[in-house]
Structure formats: C-alpha cells, structure tokens
Amino acid sequence: MVLTIRNVTKSYPGQQAETTVLRGVSMDLAAGSSLALTGDSGSGKSTLLHLAGALDHFDSGEIEIDGTRLSDLGDRQRAALRRHKVSLVFQQFNLIPSLDVRKNIALHARLGNRWDEDWGQHLASQLGLSGLLEHYPEQLSGGQQQRVAIARALALRPKLLLADEPTGNLDETASARVMELMLELVRESSAALFLVTHSSAIAQMLDRRLHLQNGLAA
C-alpha cells in the first residue's frame, strides 16, 4: 500500500474548547489507484489530505506512506519524504511567476534530485504544453496553468499524488478533460491519487470514493 491511514484523530484548539475534526478515520490506497474524498464544508477533507501528505501532525492513530510510519519521523525527515515521494496539486496553482513553464514543471523534481528530461517532455506533450514551455504563468489561461501544476507534480514520479479541488477554478468541460489527463498519467506512472472534491461528477471518475461526515468516514 502506498498510503495507509488507521484510526486517525485530529483536533484544533479553540477559545473555549477543542474542535475535533477527525474522529478515527481509516483507509488504504494502492499504487496506480485513485480515491475521491468528499464531504460537506468543514467535514475534515482538507485536514485529512494535509495529514496524508505529512504537512501536519495527527493526535492519534497512524499514517504510513510507502511503508514509512509518519509518527517515527521528525520534521526534517517528513520534509525529505515529501521531496521524494509526495506531490501536491491545489486549486490555487501555486506556480512561480518568475519561472517559465519548463522550469515550473521541473521545479519539484529537481529539488528531489529526480528530474528526468524525457519524462518531463512526455508530460508536457500529453498535457498539451509543448508549445508553451517558454511562456510564463501570467501568459497562460487557468486551464493551462492547472496543467502545468499537474505536470510539475507528476514530474517527480511521486508514490503519492494529493490533489485538493484541483479543477475547482475550471468550468465543467475543462475540469473533465483535465481530470481525464491526470488519471491517465497517474496510471502510467503507477502513482496513487488521493483527491478532495465537492463535485460528484469528478468523484465518479475515480476508482473509489470516501465520504467524510462529522469527522467519520461514511
């Protein structure tokens, strides 16, 4: 399993009392498979995604990424794990304005010493970016920027790809096309995709679905 989550709980301090967001969530995700996480606003979707990416600490339970227990890692080890095995795609594309498309795509993979020029060119071709490699983010449409963000995430050849509402800024037709491309490339690279979405249409495109309600998986 690329991702294993067992009985994870998470609370945040409040002015008067703690707010419990996750109440014992469990799930598994294998290489080459995809899972859509759905739920109402405030149900803990983004929290669970951030925990799965070693971006935050859980209160109890356990999370393993590619066999590594997150509870055994310090902050530097977590950062190293993210550099080498985890990629993220967000609704806000988070491209570097001063870098052209080519350098934006290569950024994460170069930081992890995993850049492969042939794979990068393949991603650009499959995502329709080959003619835009010397363009800068401000010269791109929203859909093009999202494709660059996906190429950047997959250029690492991550074990785990996390996506938080990755097509939330796109219209329905563009969303479906971007998701088709992302799923195709995820399967090709044997990554595991864990995606948060509010769209039932997007959720239906993935292999499995998990619904969060009141901090529990339903």
# chains A, B, ... in the order shown; residues from 1 in each chain; ligands from 1

$ residues_around --residues "Gly215 in chain A" --least-positions-apart "5" --cutoff "6 Å" --atoms "only C-alpha atoms" --output "list in words"
Val21, Leu22, Arg23 and Ser43 of chain A

$ residues_around --residues "Ala54 in chain A" --least-positions-apart "6" --cutoff "12 Å" --atoms "only C-alpha atoms" --output "JSON, numbers by chain"
{"A": [3, 5, 47, 48, 62, 63, 64, 65, 68, 69, 70, 71, 72, 73, 74, 75, 76, 77, 78, 79, 80, 81, 82, 83, 85, 86, 87, 88, 160, 162]}

$ select_by_dssp --residues "range 33-176 of chain A" --states "helix (DSSP H, G or I)" --output "PyMOL selection string"
chain A and resi 45-52+70-72+75-85+101-111+117-126+130-132+137-139+142-155+172-176

$ residues_around --residues "Ile202 in chain A" --least-positions-apart "5" --cutoff "10 Å" --atoms "only C-alpha atoms" --output "short mmCIF file (atom, residue, chain, number, x, y, z; two decimals) with C-alpha atoms, in the first residue's frame"
data_model
loop_
_atom_site.label_atom_id
_atom_site.label_comp_id
_atom_site.auth_asym_id
_atom_site.auth_seq_id
_atom_site.Cartn_x
_atom_site.Cartn_y
_atom_site.Cartn_z
CA ALA A 36 -12.02 10.70 -4.15
CA GLU A 165 -10.08 20.61 -5.53
CA THR A 167 -10.20 21.67 -11.04
CA GLU A 172 -17.23 21.63 -16.17
CA SER A 175 -12.49 20.05 -15.46
CA ALA A 176 -13.46 16.74 -17.02
CA MET A 179 -9.12 15.02 -14.82
CA GLU A 180 -9.02 12.52 -17.69
CA LEU A 195 -8.19 13.74 -4.31
CA VAL A 196 -10.55 16.06 -2.44
CA THR A 197 -13.54 17.26 -4.45
#

$ residues_around --residues "Asn94 in chain A" --least-positions-apart "5" --cutoff "10 Å" --atoms "only C-alpha atoms" --output "PyMOL selection string"
chain A and resi 89+104+137+145-146+149

$ write_last_selection --atoms "C-alpha atoms" --output "compact mmCIF listing (two decimals), in the first residue's frame"
# COMPACT_ATOMS: atom_id res chain seq x y z
CA VAL A 89 -1.87 19.85 -6.68
CA ASN A 104 7.98 25.34 -13.26
CA PRO A 137 2.30 31.75 -15.82
CA GLN A 145 -1.85 26.82 -15.50
CA GLN A 146 -3.60 23.84 -13.94
CA ALA A 149 0.71 22.31 -11.91

$ residues_around --residues "Lys103 in chain A" --least-positions-apart "3" --cutoff "10 Å" --atoms "only C-alpha atoms" --output "MDAnalysis selection string"
chainID A and resid 96 98:100 106:108 110 133:134 136 152

$ closest_residue --among "A:Leu210, A:Ser199, A:Ser34, A:Ser41" --to "Leu161 in chain A" --atoms "only C-alpha atoms"
A:Ser34

$ select_by_dssp --residues "range 80-151 of chain A" --states "strand (DSSP E)" --output "list of chain:residue names"
A:Val86, A:Ser87, A:Leu88, A:Val89, A:Phe90

$ write_last_selection --atoms "N, CA and C atoms" --output "mmCIF file, in the first residue's frame"
data_model
loop_
_atom_site.group_PDB
_atom_site.id
_atom_site.type_symbol
_atom_site.label_atom_id
_atom_site.label_comp_id
_atom_site.auth_asym_id
_atom_site.auth_seq_id
_atom_site.Cartn_x
_atom_site.Cartn_y
_atom_site.Cartn_z
ATOM 1 N N VAL A 86 6.070 12.469 -2.357
ATOM 2 C CA VAL A 86 4.724 13.056 -2.323
ATOM 3 C C VAL A 86 4.676 14.319 -3.176
ATOM 4 N N SER A 87 3.642 14.427 -4.000
ATOM 5 C CA SER A 87 3.402 15.657 -4.762
ATOM 6 C C SER A 87 1.991 16.150 -4.483
ATOM 7 N N LEU A 88 1.801 17.465 -4.613
ATOM 8 C CA LEU A 88 0.505 18.068 -4.310
ATOM 9 C C LEU A 88 0.051 18.970 -5.450
ATOM 10 N N VAL A 89 -1.242 18.939 -5.713
ATOM 11 C CA VAL A 89 -1.873 19.846 -6.682
ATOM 12 C C VAL A 89 -3.036 20.527 -5.969
ATOM 13 N N PHE A 90 -3.029 21.854 -5.971
ATOM 14 C CA PHE A 90 -4.071 22.597 -5.272
ATOM 15 C C PHE A 90 -4.953 23.380 -6.251
#

$ atom_distance --atom1 "CA of Gly112 in chain A" --atom2 "CA of Gln126 in chain A"
22.7 Å

$ atom_distance --atom1 "CA of Asp40 in chain A" --atom2 "CA of Met1 in chain A"
27.5 Å

$ closest_residue --among "A:Ala218, A:Ala109, A:Gly143, A:Arg209" --to "Leu37 in chain A" --atoms "only C-alpha atoms"
A:Arg209

$ atom_distance --atom1 "CA of Val148 in chain A" --atom2 "CA of Leu95 in chain A"
8.0 Å

$ closest_residue --among "A:Leu183, A:Met205, A:Ala163, A:Val8" --to "Gly61 in chain A" --atoms "only C-alpha atoms"
A:Val8

$ residues_around --residues "range 186-193 of chain A" --least-positions-apart "5" --cutoff "7 Å" --atoms "only C-alpha atoms" --output "list in words"
Val2, Leu29, Ala30, Ala31, Gly32, Ser33, Ser34, Leu35, Arg157, Pro158, Lys159, Leu160, Leu161 and Leu162 of chain A

$ decode --residues "range 178-191 of chain A" --atoms "C-alpha atoms" --output "PDB file, in the first residue's frame"
ATOM      1  CA  VAL A 178      -8.005  17.864 -17.093  1.00  0.00           C
ATOM      2  CA  MET A 179      -9.116  15.021 -14.819  1.00  0.00           C
ATOM      3  CA  GLU A 180      -9.019  12.518 -17.691  1.00  0.00           C
ATOM      4  CA  LEU A 181      -5.445  13.551 -18.475  1.00  0.00           C
ATOM      5  CA  MET A 182      -4.392  13.448 -14.815  1.00  0.00           C
ATOM      6  CA  LEU A 183      -5.887   9.984 -14.255  1.00  0.00           C
ATOM      7  CA  GLU A 184      -4.233   8.657 -17.402  1.00  0.00           C
ATOM      8  CA  LEU A 185      -0.831   9.946 -16.301  1.00  0.00           C
ATOM      9  CA  VAL A 186      -1.325   8.717 -12.725  1.00  0.00           C
ATOM     10  CA  ARG A 187      -1.938   5.198 -14.041  1.00  0.00           C
ATOM     11  CA  GLU A 188       1.052   5.465 -16.370  1.00  0.00           C
ATOM     12  CA  SER A 189       3.372   6.491 -13.525  1.00  0.00           C
ATOM     13  CA  SER A 190       1.865   3.986 -11.026  1.00  0.00           C
ATOM     14  CA  ALA A 191       1.250   6.755  -8.506  1.00  0.00           C
TER      15      ALA A 191
END
